[in-house]
Amino acid sequence: MQRVHIYDTTLRDGTQGEGVQLSVAEKIQVAHMLDEMGVGYIEGGWPGSNPRDEQFFELARKERFTRSKITAFGSTRRAGIPCEQDPSLRALLEAEVPAVTIFGKSSLFQAQEILRVSPEANLELIHDTVSFLKARVGEVIYDAEHFFDGAAEDESYAMRCLEAAAQAGADFLVLCDTNGGTMPWVVGELTQRVLARFGVPVGIHAHNDAELGVANSLDAVRHGATMVQGTINGYGERCGNGNLISVLPALELKMGCQCLEPGKLAELTRLAHTFDEIVNNQPLARQPYVGRSAFAHKAGVHVNAVMKNPASYEHIAPEAVGNHRRVLVSDLSGRSNLTYKAAEYGLQSEGGPSTAEVLDRIKQLENEGYQFEGAEASLKLLLAEARGERARYFQVLEADVNTVLADALRPGEDNSVRTRAVLRVQFGDREASTVAHGNGPVDALGRALHRLLRGQYPEVGEVRLVDYKVRIMNSSDGTGAQVRVLIRATDGERTWGTVGVSTNVVEASWNAMVDSYEHKLIEAGVQPEQVSAAE
């Protein structure tokens, strides 16, 4: 198997993406996650550029990384300053890391217009810096910034920049598609020419501005590159970097390369989702390999085929990357979808209404505005109800919500909006009631329901709402339009979705909330309170 070195730059290039910020402690946490996976290089940041990166390297020296090389990033020396006096290069040495990465301008345009130095002076900056560091650090990687754009304008000069780094002892020449617009065939051809000319290991650093970051990374490897630089989930400047979460399975499963520790690819989904959680972003459902929708099947024909042989509509086994298969139920479904879901939920497939009857009911509900693709908990309850197997945990005796809108035209008075919910329910032989206040009728009702259920069934104590969406189904009906409410809830370990539909947004929300709590109670194996035989 060909060995391809994975160089992760999430902690530096990834944090340059909009909305991505990591504390020092979080950077250490992510570094350990990557080390556990067996990533070859972890670029910790640019020492000397900001206090956070300096602190990271201070802490990293005290940590134990067994599989990865912590790497520091910096630039070629400043023009007119010898390497020994350059503060940026001194900071790299003070980081005390086994490898450093230096970027240099590898484009005539960039050297003259951005650095404002002569072409020859730029070559000296590259050679001097790499030579200086190579004498003091175990491994030096040269990132040829703007290489592909530079080659398009003057390939001879771009090659001279690589030559300066190679002659100075660079261990890797990394070709950077800094602006992210190079076509894959150009990347492949130039990678091949660089290898033939210098005989130094070559890497690829792709950006995703033309959505080719993954394709360019793979094509570079196909033409001989043995290092791929990228980030978790493709985070990075502008449109991001080459997405390692897609690059890794493509290299290992489709190209026969060795990148991670054996067996670690099966933890890829966990890595991708954990990082999203750390940066407080919702995982992208349609992300290849690791997204919730990556192995989701909806059309009846597809599901029927997948039940016979998953390879009919899946390019890899989802378990290979730590994901799992999902079958969706909608008005496009066939009987196979319901049969699969019933088996998945452990429901009886014999007895009760026929599969066709249940499917017709689902299609009727979807026609009314229901959607079960993001509300599988509601679907599970519906299937159980159709077979007479749904447990009922309480009965609503009274639900009254009152909202007082203050007059905003009267300055100086209390203009707050006050909402109060009165809820009375029955648990078996016992009644319980409460009053709750909230930001609106749905919030107030939700607080009241949670309080009563928690008192009777402690298992729901940790349940909380994490997402709430309202969609108007037929806007032409104005304020009387049908609305669909989708709720996602979690107990801290699992997350599930429920749905409610009504012309009244409060009723739709209530139905979705009830489904959410009942799903949790069923999953926890809780038995409902029963009315005594005497009654």
# chains A, B, ... in the order shown; residues from 1 in each chain; ligands from 1
call {"tool": "residues_around", "arguments": {"residues": "range 139-150 of chain A", "least_positions_apart": "6", "cutoff": "9 Å", "atoms": "only C-alpha atoms", "output": "MDAnalysis selection string"}}
result
chainID A and resid 98:110 126 130 133 157:159 161:162 165:166 169:179 181:182 186:187 190 203:205
call {"tool": "atom_distance", "arguments": {"atom1": "CA of Gly188 in chain A", "atom2": "CA of Tyr7 in chain A"}}
result
19.2 Å
call {"tool": "atom_distance", "arguments": {"atom1": "CA of Met227 in chain A", "atom2": "CA of Gly213 in chain A"}}
result
14.2 Å
call {"tool": "residues_around", "arguments": {"residues": "Val290 in chain A", "least_positions_apart": "3", "cutoff": "10 Å", "atoms": "only C-alpha atoms", "output": "mmCIF file with N, CA and C atoms, in the first residue's frame"}}
result
data_model
loop_
_atom_site.group_PDB
_atom_site.id
_atom_site.type_symbol
_atom_site.label_atom_id
_atom_site.label_comp_id
_atom_site.auth_asym_id
_atom_site.auth_seq_id
_atom_site.Cartn_x
_atom_site.Cartn_y
_atom_site.Cartn_z
ATOM 1 N N ASN A 233 -13.507 18.648 8.032
ATOM 2 C CA ASN A 233 -14.748 19.185 7.461
ATOM 3 C C ASN A 233 -14.515 20.319 6.458
ATOM 4 N N ILE A 245 -12.023 14.931 5.629
ATOM 5 C CA ILE A 245 -13.056 13.946 5.935
ATOM 6 C C ILE A 245 -13.527 13.237 4.674
ATOM 7 N N SER A 246 -13.384 13.870 3.526
ATOM 8 C CA SER A 246 -13.676 13.204 2.255
ATOM 9 C C SER A 246 -12.418 12.616 1.619
ATOM 10 N N GLU A 267 -13.694 5.604 12.745
ATOM 11 C CA GLU A 267 -14.009 6.662 13.710
ATOM 12 C C GLU A 267 -14.126 8.026 13.035
ATOM 13 N N LEU A 268 -14.174 8.025 11.699
ATOM 14 C CA LEU A 268 -14.172 9.287 10.956
ATOM 15 C C LEU A 268 -15.420 10.120 11.238
ATOM 16 N N THR A 269 -16.586 9.489 11.280
ATOM 17 C CA THR A 269 -17.822 10.234 11.534
ATOM 18 C C THR A 269 -17.788 10.887 12.905
ATOM 19 N N ARG A 270 -17.301 10.154 13.894
ATOM 20 C CA ARG A 270 -17.183 10.717 15.244
ATOM 21 C C ARG A 270 -16.261 11.931 15.255
ATOM 22 N N LEU A 271 -15.127 11.840 14.558
ATOM 23 C CA LEU A 271 -14.190 12.967 14.490
ATOM 24 C C LEU A 271 -14.857 14.185 13.870
ATOM 25 N N ALA A 272 -15.527 13.986 12.719
ATOM 26 C CA ALA A 272 -16.155 15.103 12.006
ATOM 27 C C ALA A 272 -17.220 15.768 12.860
ATOM 28 N N HIS A 273 -18.073 14.977 13.502
ATOM 29 C CA HIS A 273 -19.174 15.541 14.271
ATOM 30 C C HIS A 273 -18.693 16.153 15.582
ATOM 31 N N PRO A 283 -23.622 19.820 12.165
ATOM 32 C CA PRO A 283 -23.029 18.996 11.103
ATOM 33 C C PRO A 283 -23.859 19.056 9.823
ATOM 34 N N LEU A 284 -23.185 19.126 8.698
ATOM 35 C CA LEU A 284 -23.859 19.203 7.403
ATOM 36 C C LEU A 284 -24.449 17.840 7.063
ATOM 37 N N ALA A 285 -25.763 17.770 6.931
ATOM 38 C CA ALA A 285 -26.432 16.483 6.708
ATOM 39 C C ALA A 285 -25.975 15.834 5.410
ATOM 40 N N ARG A 286 -25.720 16.619 4.382
ATOM 41 C CA ARG A 286 -25.367 16.067 3.074
ATOM 42 C C ARG A 286 -23.866 15.904 2.877
ATOM 43 N N GLN A 287 -23.084 16.045 3.940
ATOM 44 C CA GLN A 287 -21.644 15.870 3.776
ATOM 45 C C GLN A 287 -21.340 14.430 3.377
ATOM 46 N N SER A 293 -27.343 12.222 5.888
ATOM 47 C CA SER A 293 -27.993 11.836 4.640
ATOM 48 C C SER A 293 -27.092 11.035 3.707
ATOM 49 N N ALA A 294 -25.851 10.810 4.111
ATOM 50 C CA ALA A 294 -24.888 10.168 3.211
ATOM 51 C C ALA A 294 -25.330 8.767 2.808
ATOM 52 N N PHE A 295 -26.033 8.081 3.699
ATOM 53 C CA PHE A 295 -26.514 6.729 3.397
ATOM 54 C C PHE A 295 -28.003 6.630 3.711
ATOM 55 N N PRO A 318 -21.445 1.957 5.035
ATOM 56 C CA PRO A 318 -21.401 3.111 5.944
ATOM 57 C C PRO A 318 -20.582 2.860 7.198
ATOM 58 N N VAL A 321 -16.785 4.022 7.713
ATOM 59 C CA VAL A 321 -16.417 5.360 8.174
ATOM 60 C C VAL A 321 -17.179 5.738 9.441
ATOM 61 N N GLY A 322 -17.772 4.739 10.098
ATOM 62 C CA GLY A 322 -18.466 4.999 11.346
ATOM 63 C C GLY A 322 -19.843 5.601 11.193
ATOM 64 N N ASN A 323 -20.412 5.519 10.004
ATOM 65 C CA ASN A 323 -21.763 6.040 9.774
ATOM 66 C C ASN A 323 -22.752 4.880 9.788
ATOM 67 N N HIS A 324 -24.013 5.132 9.489
ATOM 68 C CA HIS A 324 -24.994 4.056 9.443
ATOM 69 C C HIS A 324 -26.057 4.364 8.391
#
call {"tool": "select_by_dssp", "arguments": {"residues": "range 9-84 of chain A", "states": "helix (DSSP H, G or I)", "output": "VMD selection string"}}
result
chain A and resid 14 to 16 24 to 37 51 to 60 83 to 84
call {"tool": "closest_residue", "arguments": {"among": "A:Asp219, A:Glu163, A:Glu120, A:Glu18", "to": "Ala250 in chain A", "atoms": "only C-alpha atoms"}}
result
A:Asp219
call {"tool": "select_by_dssp", "arguments": {"residues": "range 193-324 of chain A", "states": "strand (DSSP E or B)", "output": "PyMOL selection string"}}
result
chain A and resi 202-207+227-231+241+243+257-258+296-297
call {"tool": "residues_around", "arguments": {"residues": "range 79-83 of chain A", "least_positions_apart": "3", "cutoff": "10 Å", "atoms": "only C-alpha atoms", "output": "PDB file with N, CA and C atoms, in the first residue's frame"}}
result
ATOM      1  N   THR A  76       8.889  32.778   5.107  1.00  0.00           N
ATOM      2  CA  THR A  76      10.304  33.034   4.832  1.00  0.00           C
ATOM      3  C   THR A  76      10.727  34.313   5.556  1.00  0.00           C
ATOM      4  N   ASP A  86      15.623  37.337  12.510  1.00  0.00           N
ATOM      5  CA  ASP A  86      14.200  37.399  12.168  1.00  0.00           C
ATOM      6  C   ASP A  86      13.363  36.873  13.338  1.00  0.00           C
ATOM      7  N   PRO A  87      12.482  37.698  13.924  1.00  0.00           N
ATOM      8  CA  PRO A  87      11.707  37.257  15.095  1.00  0.00           C
ATOM      9  C   PRO A  87      10.766  36.093  14.788  1.00  0.00           C
ATOM     10  N   SER A  88      10.263  36.023  13.574  1.00  0.00           N
ATOM     11  CA  SER A  88       9.350  34.938  13.212  1.00  0.00           C
ATOM     12  C   SER A  88      10.072  33.595  13.205  1.00  0.00           C
ATOM     13  N   LEU A  89      11.299  33.589  12.666  1.00  0.00           N
ATOM     14  CA  LEU A  89      12.066  32.343  12.636  1.00  0.00           C
ATOM     15  C   LEU A  89      12.531  31.950  14.044  1.00  0.00           C
ATOM     16  N   ARG A  90      12.849  32.942  14.870  1.00  0.00           N
ATOM     17  CA  ARG A  90      13.217  32.632  16.249  1.00  0.00           C
ATOM     18  C   ARG A  90      12.042  31.992  16.988  1.00  0.00           C
ATOM     19  N   LEU A 115       5.215  41.087  -2.116  1.00  0.00           N
ATOM     20  CA  LEU A 115       6.408  41.253  -1.288  1.00  0.00           C
ATOM     21  C   LEU A 115       7.209  42.499  -1.658  1.00  0.00           C
ATOM     22  N   ARG A 116       7.045  42.937  -2.900  1.00  0.00           N
ATOM     23  CA  ARG A 116       7.792  44.081  -3.442  1.00  0.00           C
ATOM     24  C   ARG A 116       9.300  43.835  -3.384  1.00  0.00           C
ATOM     25  N   VAL A 117       9.714  42.625  -3.833  1.00  0.00           N
ATOM     26  CA  VAL A 117      11.124  42.296  -3.950  1.00  0.00           C
ATOM     27  C   VAL A 117      11.386  41.822  -5.372  1.00  0.00           C
ATOM     28  N   ALA A 121      15.744  38.182  -5.380  1.00  0.00           N
ATOM     29  CA  ALA A 121      15.704  38.359  -3.926  1.00  0.00           C
ATOM     30  C   ALA A 121      14.721  37.382  -3.288  1.00  0.00           C
ATOM     31  N   ASN A 122      13.619  37.129  -3.959  1.00  0.00           N
ATOM     32  CA  ASN A 122      12.639  36.180  -3.430  1.00  0.00           C
ATOM     33  C   ASN A 122      13.225  34.773  -3.352  1.00  0.00           C
ATOM     34  N   GLU A 124      16.309  34.068  -2.873  1.00  0.00           N
ATOM     35  CA  GLU A 124      17.235  34.075  -1.735  1.00  0.00           C
ATOM     36  C   GLU A 124      16.487  33.913  -0.416  1.00  0.00           C
ATOM     37  N   LEU A 125      15.322  34.561  -0.305  1.00  0.00           N
ATOM     38  CA  LEU A 125      14.522  34.426   0.917  1.00  0.00           C
ATOM     39  C   LEU A 125      14.161  32.962   1.160  1.00  0.00           C
ATOM     40  N   ASP A 128      17.543  30.825   1.882  1.00  0.00           N
ATOM     41  CA  ASP A 128      18.149  31.143   3.176  1.00  0.00           C
ATOM     42  C   ASP A 128      17.311  30.588   4.326  1.00  0.00           C
ATOM     43  N   THR A 129      16.002  30.759   4.228  1.00  0.00           N
ATOM     44  CA  THR A 129      15.120  30.345   5.324  1.00  0.00           C
ATOM     45  C   THR A 129      15.117  28.834   5.491  1.00  0.00           C
ATOM     46  N   VAL A 130      14.943  28.115   4.405  1.00  0.00           N
ATOM     47  CA  VAL A 130      14.903  26.656   4.489  1.00  0.00           C
ATOM     48  C   VAL A 130      16.240  26.124   4.981  1.00  0.00           C
ATOM     49  N   SER A 131      17.331  26.674   4.472  1.00  0.00           N
ATOM     50  CA  SER A 131      18.660  26.231   4.877  1.00  0.00           C
ATOM     51  C   SER A 131      18.894  26.492   6.367  1.00  0.00           C
ATOM     52  N   PHE A 132      18.512  27.677   6.829  1.00  0.00           N
ATOM     53  CA  PHE A 132      18.673  28.046   8.236  1.00  0.00           C
ATOM     54  C   PHE A 132      17.910  27.082   9.149  1.00  0.00           C
ATOM     55  N   LEU A 133      16.663  26.789   8.815  1.00  0.00           N
ATOM     56  CA  LEU A 133      15.830  25.928   9.650  1.00  0.00           C
ATOM     57  C   LEU A 133      16.260  24.468   9.569  1.00  0.00           C
TER      58      LEU A 133
END
call {"tool": "atom_distance", "arguments": {"atom1": "CA of His450 in chain A", "atom2": "CA of Leu328 in chain A"}}
result
29.0 Å
call {"tool": "residues_around", "arguments": {"residues": "Leu260 in chain A", "least_positions_apart": "2", "cutoff": "10 Å", "atoms": "only C-alpha atoms", "output": "list of chain:residue names"}}
result
A:Arg3, A:Val4, A:His5, A:Ile6, A:Leu34, A:Asp35, A:Glu36, A:Met37, A:Gly38, A:Val39, A:Gly40, A:Arg67, A:Leu248, A:Pro249, A:Glu252, A:Cys257, A:Gln258, A:Pro262, A:Gly263, A:Lys264, A:Leu265
